[in-house]
>>> print(open('data_0.txt').read())   # compact mmCIF, C-alpha atoms
# COMPACT_ATOMS: atom_id res chain seq x y z
CA MET A 1 0.00 0.00 0.00
CA ALA A 2 1.44 3.35 -1.06
CA ARG A 3 2.29 5.70 1.75
CA ARG A 4 0.42 8.97 1.78
CA LYS A 5 2.70 11.93 1.08
CA GLN A 6 2.89 14.20 4.08
CA ARG A 7 2.62 17.94 3.65
CA ARG A 8 5.76 19.83 4.54
CA PRO A 9 5.23 22.06 7.61
CA GLU A 10 6.18 25.19 5.67
CA GLU A 11 3.64 24.68 2.88
CA PRO A 12 0.34 26.59 3.23
CA VAL A 13 -2.86 24.58 3.53
CA GLU A 14 -4.59 24.52 0.17
CA GLU A 15 -7.95 22.74 0.26
CA LEU A 16 -9.95 25.94 0.68
CA SER A 17 -12.20 27.85 -1.63
CA VAL A 18 -11.36 31.42 -2.50
CA HIS A 19 -14.22 32.58 -0.25
CA GLU A 20 -12.84 30.57 2.66
CA LEU A 21 -9.35 31.91 2.08
CA ILE A 22 -10.47 35.47 2.70
CA GLU A 23 -13.20 34.77 5.24
CA GLY A 24 -13.02 37.45 7.85
CA PRO A 25 -15.26 39.01 10.48
CA THR A 26 -18.90 39.19 9.44
CA GLN A 27 -20.05 42.00 11.70
CA ASP A 28 -22.57 44.52 10.37
CA LEU A 29 -20.88 46.83 7.87
CA THR A 30 -22.49 50.25 8.05
CA ALA A 31 -21.54 52.19 4.96
CA ALA A 32 -21.74 55.82 4.07
CA ARG A 33 -25.46 55.85 3.41
CA ALA A 34 -26.08 54.60 6.94
CA ALA A 35 -24.03 57.49 8.28
CA ALA A 36 -26.07 59.83 6.14
CA ALA A 37 -29.38 58.26 7.13
CA ARG A 38 -29.04 57.89 10.88
CA THR A 39 -30.17 61.45 11.62
CA ALA A 40 -32.76 61.51 8.83
CA GLY A 41 -34.70 58.54 10.18
CA GLU A 42 -34.21 56.39 7.07
CA PRO A 43 -33.94 52.61 7.41
CA ARG A 44 -30.42 51.25 7.55
CA PRO A 45 -29.24 49.63 4.31
CA SER A 46 -28.71 45.90 3.95
CA THR A 47 -25.15 44.75 4.55
CA ASP A 48 -25.32 42.94 1.22
CA GLU A 49 -25.58 46.20 -0.72
CA THR A 50 -22.53 47.81 -2.25
CA GLN A 51 -22.58 51.45 -1.24
CA ASP A 52 -21.47 54.37 -3.40
CA LEU A 53 -19.83 56.83 -1.00
CA SER A 54 -19.92 59.83 -3.27
CA GLY A 55 -23.55 59.11 -4.08
CA ALA A 56 -24.41 59.00 -0.41
CA ALA A 57 -22.62 62.26 0.15
CA ALA A 58 -24.48 63.90 -2.71
CA GLU A 59 -27.81 62.94 -1.16
CA VAL A 60 -27.11 64.87 2.03
CA THR A 61 -25.00 67.81 0.90
CA ARG A 62 -25.49 70.95 -1.10
CA ASP A 63 -22.73 72.74 -2.98
CA LEU A 64 -20.03 72.50 -0.32
CA SER A 65 -18.06 75.38 -1.82
CA ALA A 66 -20.78 77.66 -0.51
CA VAL A 67 -20.63 76.32 3.03
CA ALA A 68 -16.93 75.54 3.40
CA GLY A 69 -16.00 75.26 7.04
CA THR A 70 -19.63 74.85 8.13
CA ALA A 71 -20.93 71.53 9.45
CA VAL A 72 -23.49 69.89 7.20
CA ALA A 73 -25.36 67.17 9.06
CA PRO A 74 -24.84 64.30 8.84
CA ALA A 75 -21.82 64.92 6.59
CA THR A 76 -19.30 67.69 7.15
CA VAL A 77 -16.54 69.40 5.22
CA GLY A 78 -13.26 67.52 5.55
CA THR A 79 -9.70 68.02 4.35
CA ALA A 80 -9.35 70.22 1.24
CA GLY A 81 -13.12 70.60 0.93
CA ARG A 82 -13.86 66.87 0.73
CA VAL A 83 -17.16 65.57 2.03
CA ARG A 84 -16.46 64.11 5.50
CA ILE A 85 -18.53 61.07 6.44
CA ASP A 86 -18.10 59.61 9.91
CA LEU A 87 -18.90 55.93 10.32
CA PRO A 88 -20.35 54.66 13.61
CA ARG A 89 -17.75 51.89 13.90
CA MET A 90 -14.63 50.55 12.24
CA PRO A 91 -15.56 48.46 9.17
CA ALA A 92 -14.87 44.72 9.01
CA ALA A 93 -11.89 44.07 6.74
CA GLY A 94 -12.86 40.51 5.84
CA VAL A 95 -16.22 41.61 4.46
CA LEU A 96 -14.55 44.27 2.34
CA TYR A 97 -12.03 41.84 0.84
CA ARG A 98 -14.84 39.44 0.01
CA ARG A 99 -16.79 42.12 -1.79
CA ALA A 100 -13.71 43.29 -3.66
CA LEU A 101 -13.04 39.76 -4.90
CA LEU A 102 -16.64 39.29 -6.00
CA GLY A 103 -16.47 42.60 -7.84
CA ALA A 104 -13.49 41.33 -9.82
CA LEU A 105 -15.47 38.43 -11.28
CA PRO A 106 -16.73 38.86 -14.87
CA GLY A 107 -20.06 40.66 -14.93
CA MET A 108 -19.99 41.42 -11.20
CA GLY A 109 -18.01 44.65 -11.09
CA GLY A 110 -19.46 47.99 -12.04
CA ARG A 111 -17.89 50.82 -13.96
CA ARG A 112 -15.15 52.48 -11.91
CA GLY A 113 -14.63 56.20 -11.65
CA GLN A 114 -11.84 57.98 -13.48
CA GLU A 115 -11.15 60.48 -10.70
CA LEU A 116 -10.60 60.22 -6.97
CA PRO A 117 -13.78 60.42 -4.89
CA GLU A 118 -14.00 63.73 -3.04
CA VAL A 119 -14.83 61.88 0.15
CA GLU A 120 -13.09 61.61 3.51
CA LEU A 121 -14.08 58.84 5.90
CA GLY A 122 -13.74 59.08 9.65
CA VAL A 123 -14.31 56.93 12.72
CA GLY A 124 -13.78 57.83 16.35
CA GLY A 125 -13.23 56.13 19.67
CA VAL A 126 -10.80 53.41 18.55
CA THR A 127 -9.26 51.68 21.54
CA VAL A 128 -6.42 49.18 21.85
CA ASP A 129 -6.94 45.57 22.88
CA ARG A 130 -3.74 44.83 24.78
CA ALA A 131 -3.94 41.11 24.01
CA HIS A 132 -4.14 41.93 20.30
CA LEU A 133 -1.25 44.37 20.63
CA ALA A 134 0.87 41.67 22.29
CA ASP A 135 -0.04 39.20 19.53
CA TYR A 136 0.97 41.77 16.90
CA ASP A 137 4.25 42.47 18.71
CA ARG A 138 5.12 38.76 18.73
CA VAL A 139 4.31 38.29 15.02
CA CYS A 140 6.41 41.31 13.99
CA GLY A 141 9.24 40.99 16.49
CA PHE A 142 8.58 44.01 18.74
CA ARG A 143 9.09 44.01 22.50
CA LEU A 144 5.93 43.56 24.58
CA THR A 145 5.18 47.05 25.90
CA ASP A 146 2.23 49.43 26.12
CA ARG A 147 3.84 51.80 23.60
CA LEU A 148 2.33 51.31 20.15
CA PRO A 149 4.73 50.51 17.30
CA ALA A 150 4.34 52.95 14.42
CA THR A 151 3.13 50.17 12.15
CA TYR A 152 0.53 48.98 14.69
CA VAL A 153 -1.36 52.26 14.36
CA HIS A 154 -1.55 51.52 10.63
CA VAL A 155 -3.22 48.20 11.49
CA LEU A 156 -5.73 49.93 13.78
CA GLY A 157 -6.86 52.32 11.04
CA PHE A 158 -6.38 50.09 8.00
CA PRO A 159 -10.01 48.88 7.75
CA LEU A 160 -11.15 52.49 7.34
CA ALA A 161 -8.73 53.03 4.44
CA LEU A 162 -9.84 49.70 3.02
CA ARG A 163 -13.46 50.88 3.11
CA LEU A 164 -12.49 53.88 1.01
CA MET A 165 -10.55 51.75 -1.47
CA THR A 166 -13.47 49.35 -1.96
CA ALA A 167 -15.95 52.11 -2.76
CA ALA A 168 -17.60 51.55 -6.14
CA GLU A 169 -16.27 54.79 -7.60
CA PHE A 170 -12.66 54.33 -6.42
CA PRO A 171 -10.56 54.54 -9.62
CA ILE A 172 -8.28 51.52 -8.96
CA PRO A 173 -9.81 48.12 -8.06
CA LEU A 174 -8.49 46.59 -4.87
CA THR A 175 -7.88 43.18 -6.44
CA GLY A 176 -4.41 43.12 -7.92
CA VAL A 177 -3.39 46.52 -6.55
CA VAL A 178 0.31 46.74 -5.62
CA HIS A 179 1.48 48.48 -2.45
CA VAL A 180 4.67 50.19 -3.64
CA ALA A 181 5.57 52.58 -0.81
CA ASN A 182 4.59 53.65 2.69
CA ARG A 183 5.54 56.63 4.83
CA ILE A 184 4.65 56.90 8.53
CA THR A 185 5.19 59.95 10.71
CA VAL A 186 5.00 59.56 14.48
CA HIS A 187 4.60 62.96 16.15
CA ARG A 188 4.87 61.56 19.67
CA PRO A 189 4.75 58.19 21.43
CA ILE A 190 1.25 56.68 21.63
CA GLU A 191 0.31 54.49 24.59
CA ALA A 192 -2.11 51.57 24.64
CA GLY A 193 -4.48 53.35 27.03
CA GLU A 194 -5.19 56.21 24.62
CA THR A 195 -8.26 56.46 22.39
CA LEU A 196 -7.67 57.27 18.74
CA ASP A 197 -9.78 58.91 16.05
CA PHE A 198 -9.00 58.20 12.39
CA HIS A 199 -9.80 59.79 9.08
CA THR A 200 -8.71 58.79 5.59
CA TYR A 201 -8.79 60.13 2.06
CA ALA A 202 -7.08 59.56 -1.30
CA GLU A 203 -5.03 62.07 -3.24
CA ASN A 204 -2.47 62.57 -6.01
CA LEU A 205 -3.80 60.24 -8.71
CA ARG A 206 -1.04 60.19 -11.31
CA PRO A 207 0.17 58.20 -14.31
CA HIS A 208 2.81 55.51 -14.04
CA GLU A 209 4.63 53.57 -16.74
CA ARG A 210 2.61 50.46 -15.79
CA GLY A 211 -0.71 52.12 -15.02
CA ARG A 212 -1.72 54.66 -12.37
CA GLN A 213 -0.63 55.45 -8.82
CA LEU A 214 -2.35 57.20 -5.95
CA ASP A 215 -1.79 57.91 -2.26
CA VAL A 216 -4.14 56.88 0.53
CA VAL A 217 -3.66 59.09 3.58
CA LEU A 218 -4.62 57.80 7.04
CA VAL A 219 -4.43 60.16 10.03
CA GLY A 220 -4.66 59.23 13.71
CA SER A 221 -5.55 61.84 16.33
CA VAL A 222 -5.93 61.97 20.10
CA ASP A 223 -8.25 64.61 21.58
CA GLY A 224 -8.28 66.50 18.28
CA THR A 225 -4.49 66.61 17.85
CA GLU A 226 -2.76 64.64 15.10
CA VAL A 227 -0.29 62.16 16.59
CA TRP A 228 0.29 59.82 13.65
CA ARG A 229 0.08 59.99 9.84
CA GLY A 230 0.51 57.27 7.24
CA VAL A 231 0.68 57.63 3.46
CA SER A 232 0.42 54.44 1.41
CA THR A 233 1.20 54.58 -2.30
CA TYR A 234 -0.62 52.05 -4.47
CA LEU A 235 -0.10 51.09 -8.10
CA GLY A 236 -2.98 49.91 -10.23
CA LYS A 237 -1.58 47.99 -13.18
CA GLU A 238 -3.29 48.63 -16.49
CA ARG A 239 -2.84 47.11 -19.92
CA LYS A 240 -2.60 50.54 -21.47
CA ALA A 241 0.13 52.28 -19.54
CA GLY A 242 -0.53 55.81 -18.41
CA GLY A 243 2.91 57.26 -19.01
CA GLY A 244 4.65 58.90 -16.10
CA PRO A 245 8.22 58.58 -14.89
CA ARG A 246 10.14 55.40 -15.62
CA ARG A 247 12.05 53.47 -13.05
CA ASP A 248 15.81 53.73 -12.93
CA ARG A 249 17.08 50.65 -14.74
CA GLY A 250 20.76 51.28 -14.13
CA ASP A 251 23.23 48.83 -12.66
CA ARG A 252 22.31 47.30 -9.34
CA PRO A 253 24.44 48.79 -6.53
CA ASP A 254 26.68 46.62 -4.40
CA LEU A 255 24.86 44.80 -1.61
CA PRO A 256 25.35 46.24 1.89
CA ALA A 257 26.78 43.99 4.56
CA ALA A 258 24.00 41.94 6.16
CA ALA A 259 23.35 42.57 9.84
CA ALA A 260 21.03 39.55 10.05
CA HIS A 261 19.44 36.81 8.00
CA TRP A 262 15.76 36.03 8.57
CA ARG A 263 13.96 32.88 7.53
CA VAL A 264 10.46 33.92 6.43
CA THR A 265 8.04 30.98 6.54
CA PRO A 266 4.49 30.73 5.14
CA ARG A 267 3.21 31.11 8.69
CA VAL A 268 4.28 34.75 8.50
CA GLY A 269 1.53 35.29 5.91
CA THR A 270 -1.25 33.69 7.93
CA ASP A 271 -0.12 35.10 11.28
CA TYR A 272 0.13 38.65 9.96
CA ALA A 273 -3.26 38.30 8.25
CA ARG A 274 -4.73 37.34 11.62
CA VAL A 275 -3.28 40.28 13.56
CA SER A 276 -3.67 42.90 10.81
CA GLY A 277 -7.02 41.97 9.28
CA ASP A 278 -5.35 42.01 5.84
CA HIS A 279 -6.72 38.73 4.47
CA ASN A 280 -5.61 39.26 0.88
CA PRO A 281 -5.14 35.67 -0.40
CA ILE A 282 -1.87 36.51 -2.18
CA HIS A 283 -0.30 36.33 1.30
CA THR A 284 -1.97 33.21 2.67
CA SER A 285 -2.68 30.75 -0.13
CA MET A 286 -0.91 29.15 -3.07
CA LEU A 287 -4.17 29.28 -5.01
CA GLY A 288 -4.80 32.91 -4.12
CA ALA A 289 -1.27 33.92 -5.06
CA ARG A 290 -1.46 32.18 -8.42
CA LEU A 291 -4.80 33.83 -9.21
CA PHE A 292 -2.98 37.17 -9.07
CA GLY A 293 0.20 36.18 -10.90
CA PHE A 294 2.52 35.09 -8.07
CA PRO A 295 4.03 31.58 -8.17
CA ARG A 296 3.63 31.29 -4.40
CA PRO A 297 2.39 33.45 -1.51
CA ILE A 298 4.32 36.59 -0.62
CA ALA A 299 4.82 38.37 2.70
CA HIS A 300 2.76 41.44 3.51
CA GLY A 301 4.77 44.56 2.78
CA MET A 302 3.73 46.08 6.11
CA TRP A 303 5.02 42.99 7.94
CA SER A 304 8.39 43.49 6.26
CA LYS A 305 8.41 47.14 7.29
CA ALA A 306 7.35 46.29 10.84
CA HIS A 307 10.03 43.60 11.21
CA CYS A 308 12.70 46.05 10.09
CA LEU A 309 11.50 48.64 12.61
CA ALA A 310 11.47 45.98 15.32
CA ALA A 311 15.16 45.35 14.56
CA LEU A 312 15.83 49.08 15.07
CA GLU A 313 13.39 49.52 17.97
CA SER A 314 15.94 50.43 20.65
CA ARG A 315 17.43 53.12 18.36
CA LEU A 316 14.21 54.91 17.37
CA PRO A 317 13.63 58.44 18.69
CA GLU A 318 10.41 59.63 20.34
CA ALA A 319 9.21 61.26 17.12
CA TYR A 320 10.31 60.27 13.63
CA SER A 321 9.32 59.52 10.06
CA VAL A 322 10.00 56.21 8.35
CA ASP A 323 9.78 55.82 4.57
CA VAL A 324 9.96 52.52 2.74
CA ALA A 325 9.73 51.51 -0.90
CA PHE A 326 8.63 47.95 -1.63
CA LYS A 327 10.77 46.68 -4.50
CA LEU A 328 10.46 42.92 -5.06
CA PRO A 329 8.10 40.53 -3.25
CA VAL A 330 9.32 38.40 -0.35
CA PRO A 331 8.27 34.85 -1.35
CA LEU A 332 7.02 32.46 1.32
CA PRO A 333 9.16 30.65 2.25
CA SER A 334 12.49 32.39 1.67
CA THR A 335 15.51 33.83 3.46
CA VAL A 336 16.13 37.58 3.48
CA SER A 337 19.17 39.66 4.43
CA PHE A 338 18.61 42.70 6.66
CA SER A 339 21.09 45.59 6.64
CA ALA A 340 21.10 48.93 8.45
CA THR A 341 23.47 51.90 8.44
CA ALA A 342 23.44 54.99 10.66
CA THR A 343 24.45 58.44 9.39
CA GLY A 344 24.02 61.13 12.00
CA GLY A 345 20.40 60.93 13.13
CA THR A 346 19.30 58.92 10.08
CA TRP A 347 19.03 55.16 9.63
CA ASP A 348 19.04 53.59 6.17
CA PHE A 349 17.91 49.98 6.07
CA ALA A 350 17.09 47.35 3.47
CA LEU A 351 15.96 43.80 2.80
CA HIS A 352 17.50 41.70 0.03
CA ASP A 353 16.86 38.18 -1.14
CA ALA A 354 19.65 36.19 0.51
CA ARG A 355 20.08 33.94 -2.51
CA SER A 356 19.77 36.28 -5.50
CA GLY A 357 20.60 39.61 -3.87
CA GLY A 358 17.48 41.18 -5.34
CA PRO A 359 16.29 44.29 -3.45
CA GLN A 360 12.98 43.74 -1.67
CA LEU A 361 12.63 46.79 0.58
CA VAL A 362 14.61 49.99 1.11
CA GLY A 363 13.83 52.41 3.89
CA THR A 364 14.95 55.42 5.90
CA VAL A 365 14.22 56.58 9.44
CA ARG A 366 14.62 60.31 10.08
>>> encode(input="data_0.txt", output="structure tokens")
Amino acid sequence: MARRKQRRPEEPVEELSVHELIEGPTQDLTAARAAAARTAGEPRPSTDETQDLSGAAAEVTRDLSAVAGTAVAPATVGTAGRVRIDLPRMPAAGVLYRRALLGALPGMGGRRGQELPEVELGVGGVTVDRAHLADYDRVCGFRLTDRLPATYVHVLGFPLALRLMTAAEFPIPLTGVVHVANRITVHRPIEAGETLDFHTYAENLRPHERGRQLDVVLVGSVDGTEVWRGVSTYLGKERKAGGGPRRDRGDRPDLPAAAAHWRVTPRVGTDYARVSGDHNPIHTSMLGARLFGFPRPIAHGMWSKAHCLAALESRLPEAYSVDVAFKLPVPLPSTVSFSATATGGTWDFALHDARSGGPQLVGTVR
């Protein structure tokens, strides 16, 4: 009798449907129309409906240029004159990924907008679950303390940004979007006992040689004062390139001396999905990765950034900015080389594939 082949511990489990791969929390998702309707006495929309944020805003606002700076219930005027819509709770990321995937199926997705929606989403009263914070710290390599890592605040507010990116009129579909850069500014240390308010909006839609790029801005505040800001740059690949600047294709520079080598296993993908709510199947499933053009799952870019910051944790100042550019994917499993160099008050760091030397992440702390 033939022996059954055992699955290697590092291989991701595969006998799951696409829906199961991205199954996340199924709590009630209250979209923009609910925010607009709650003071008007209208019935709350079904959670199965796909909401158009700009449409909801149009139903409850007049020409905002005439009332700039004046509250318009239930929407208000946000950053740069955008319509500000405050949601009653943080959206559920798993539901949003599921909807985005369904929208990518033939005949299921609607016509996307060509411009950025003039909408800003907000949510208040976000608190920290210390058990979740500790779980995140373990997955990313941070020390277990009550001080929030810069990248953890991104995780707290990410579902709000995701809600914006899954709006019907958002110009770049979430499925297949590439996270190419991220900048975080920490104005002061944030402790686990503090309550955060978030708002998010998109800006700077621009052409790129492989499609279009845009920035999603996420801002965290405490008692009305900004304490944290993140800017994520996303690339939407398009068959007909939109022009824009070309990448530097010059000779690859010499590799810096490695300070450490890290073995990145497939569990990194599933563990980070659990603590971040980012259930994109390209990180957790062989099937999901192949559906989007990757031969095997890849690590979350924000895990890579977080793990680099964890390596520098004892050297970080009270307030700083950290920029990273995501170059090549980190396949799961693989081994990466981490390097870091200090110049004055600046740290330059990088990840490279330990075998090929290919650059995977470059970053700077200032």
>>> residues_near_point(input="data_0.txt", point="(10.4, 41.3, 13.2)", cutoff="8 Å", atoms="all atoms listed in the file", output="JSON, numbers by chain")
{"A": [139, 140, 141, 142, 303, 304, 306, 307, 308, 309, 310, 311]}
>>> residues_around(input="data_0.txt", residues="range 219-223 of chain A", least_positions_apart="4", cutoff="12 Å", atoms="all atoms listed in the file", output="PDB file with C-alpha atoms, keeping the file's coordinate frame")
ATOM      1  CA  THR A  79      -9.700  68.020   4.350  1.00  0.00           C
ATOM      2  CA  GLU A 120     -13.090  61.610   3.510  1.00  0.00           C
ATOM      3  CA  LEU A 121     -14.080  58.840   5.900  1.00  0.00           C
ATOM      4  CA  GLY A 122     -13.740  59.080   9.650  1.00  0.00           C
ATOM      5  CA  VAL A 123     -14.310  56.930  12.720  1.00  0.00           C
ATOM      6  CA  GLY A 124     -13.780  57.830  16.350  1.00  0.00           C
ATOM      7  CA  GLY A 125     -13.230  56.130  19.670  1.00  0.00           C
ATOM      8  CA  VAL A 126     -10.800  53.410  18.550  1.00  0.00           C
ATOM      9  CA  THR A 127      -9.260  51.680  21.540  1.00  0.00           C
ATOM     10  CA  ALA A 150       4.340  52.950  14.420  1.00  0.00           C
ATOM     11  CA  TYR A 152       0.530  48.980  14.690  1.00  0.00           C
ATOM     12  CA  VAL A 153      -1.360  52.260  14.360  1.00  0.00           C
ATOM     13  CA  HIS A 154      -1.550  51.520  10.630  1.00  0.00           C
ATOM     14  CA  VAL A 155      -3.220  48.200  11.490  1.00  0.00           C
ATOM     15  CA  LEU A 156      -5.730  49.930  13.780  1.00  0.00           C
ATOM     16  CA  GLY A 157      -6.860  52.320  11.040  1.00  0.00           C
ATOM     17  CA  PHE A 158      -6.380  50.090   8.000  1.00  0.00           C
ATOM     18  CA  LEU A 160     -11.150  52.490   7.340  1.00  0.00           C
ATOM     19  CA  ALA A 161      -8.730  53.030   4.440  1.00  0.00           C
ATOM     20  CA  ARG A 183       5.540  56.630   4.830  1.00  0.00           C
ATOM     21  CA  ILE A 184       4.650  56.900   8.530  1.00  0.00           C
ATOM     22  CA  THR A 185       5.190  59.950  10.710  1.00  0.00           C
ATOM     23  CA  VAL A 186       5.000  59.560  14.480  1.00  0.00           C
ATOM     24  CA  HIS A 187       4.600  62.960  16.150  1.00  0.00           C
ATOM     25  CA  ARG A 188       4.870  61.560  19.670  1.00  0.00           C
ATOM     26  CA  PRO A 189       4.750  58.190  21.430  1.00  0.00           C
ATOM     27  CA  ILE A 190       1.250  56.680  21.630  1.00  0.00           C
ATOM     28  CA  GLU A 191       0.310  54.490  24.590  1.00  0.00           C
ATOM     29  CA  ALA A 192      -2.110  51.570  24.640  1.00  0.00           C
ATOM     30  CA  GLY A 193      -4.480  53.350  27.030  1.00  0.00           C
ATOM     31  CA  GLU A 194      -5.190  56.210  24.620  1.00  0.00           C
ATOM     32  CA  THR A 195      -8.260  56.460  22.390  1.00  0.00           C
ATOM     33  CA  LEU A 196      -7.670  57.270  18.740  1.00  0.00           C
ATOM     34  CA  ASP A 197      -9.780  58.910  16.050  1.00  0.00           C
ATOM     35  CA  PHE A 198      -9.000  58.200  12.390  1.00  0.00           C
ATOM     36  CA  HIS A 199      -9.800  59.790   9.080  1.00  0.00           C
ATOM     37  CA  THR A 200      -8.710  58.790   5.590  1.00  0.00           C
ATOM     38  CA  TYR A 201      -8.790  60.130   2.060  1.00  0.00           C
ATOM     39  CA  ALA A 202      -7.080  59.560  -1.300  1.00  0.00           C
ATOM     40  CA  VAL A 227      -0.290  62.160  16.590  1.00  0.00           C
ATOM     41  CA  TRP A 228       0.290  59.820  13.650  1.00  0.00           C
ATOM     42  CA  ARG A 229       0.080  59.990   9.840  1.00  0.00           C
ATOM     43  CA  GLY A 230       0.510  57.270   7.240  1.00  0.00           C
ATOM     44  CA  VAL A 231       0.680  57.630   3.460  1.00  0.00           C
ATOM     45  CA  SER A 232       0.420  54.440   1.410  1.00  0.00           C
TER      46      SER A 232
END
>>> atom_distance(input="data_0.txt", atom1="CA of Tyr234 in chain A", atom2="CA of Ala258 in chain A")
28.7 Å
>>> residues_near_point(input="data_0.txt", point="(17.6, 43.7, 2.2)", cutoff="10 Å", atoms="only C-alpha atoms", output="number ranges by chain")
A: 255-261, 308, 336-340, 349-354, 357-363
>>> atom_distance(input="data_0.txt", atom1="CA of Ala92 in chain A", atom2="CA of Leu164 in chain A")
12.4 Å
>>> atom_distance(input="data_0.txt", atom1="CA of Asp323 in chain A", atom2="CA of Thr265 in chain A")
25.0 Å
>>> closest_residue(input="data_0.txt", among="A:Lys305, A:Arg212, A:His132, A:Arg143", to="Val365 in chain A", atoms="only C-alpha atoms")
A:Lys305
>>> residues_around(input="data_0.txt", residues="Gln114 in chain A", least_positions_apart="4", cutoff="9 Å", atoms="all atoms listed in the file", output="PyMOL selection string")
chain A and resi 169-172
>>> closest_residue(input="data_0.txt", among="A:Val83, A:Leu162, A:Ala325, A:Leu148", to="Gly277 in chain A", atoms="only C-alpha atoms")
A:Leu162
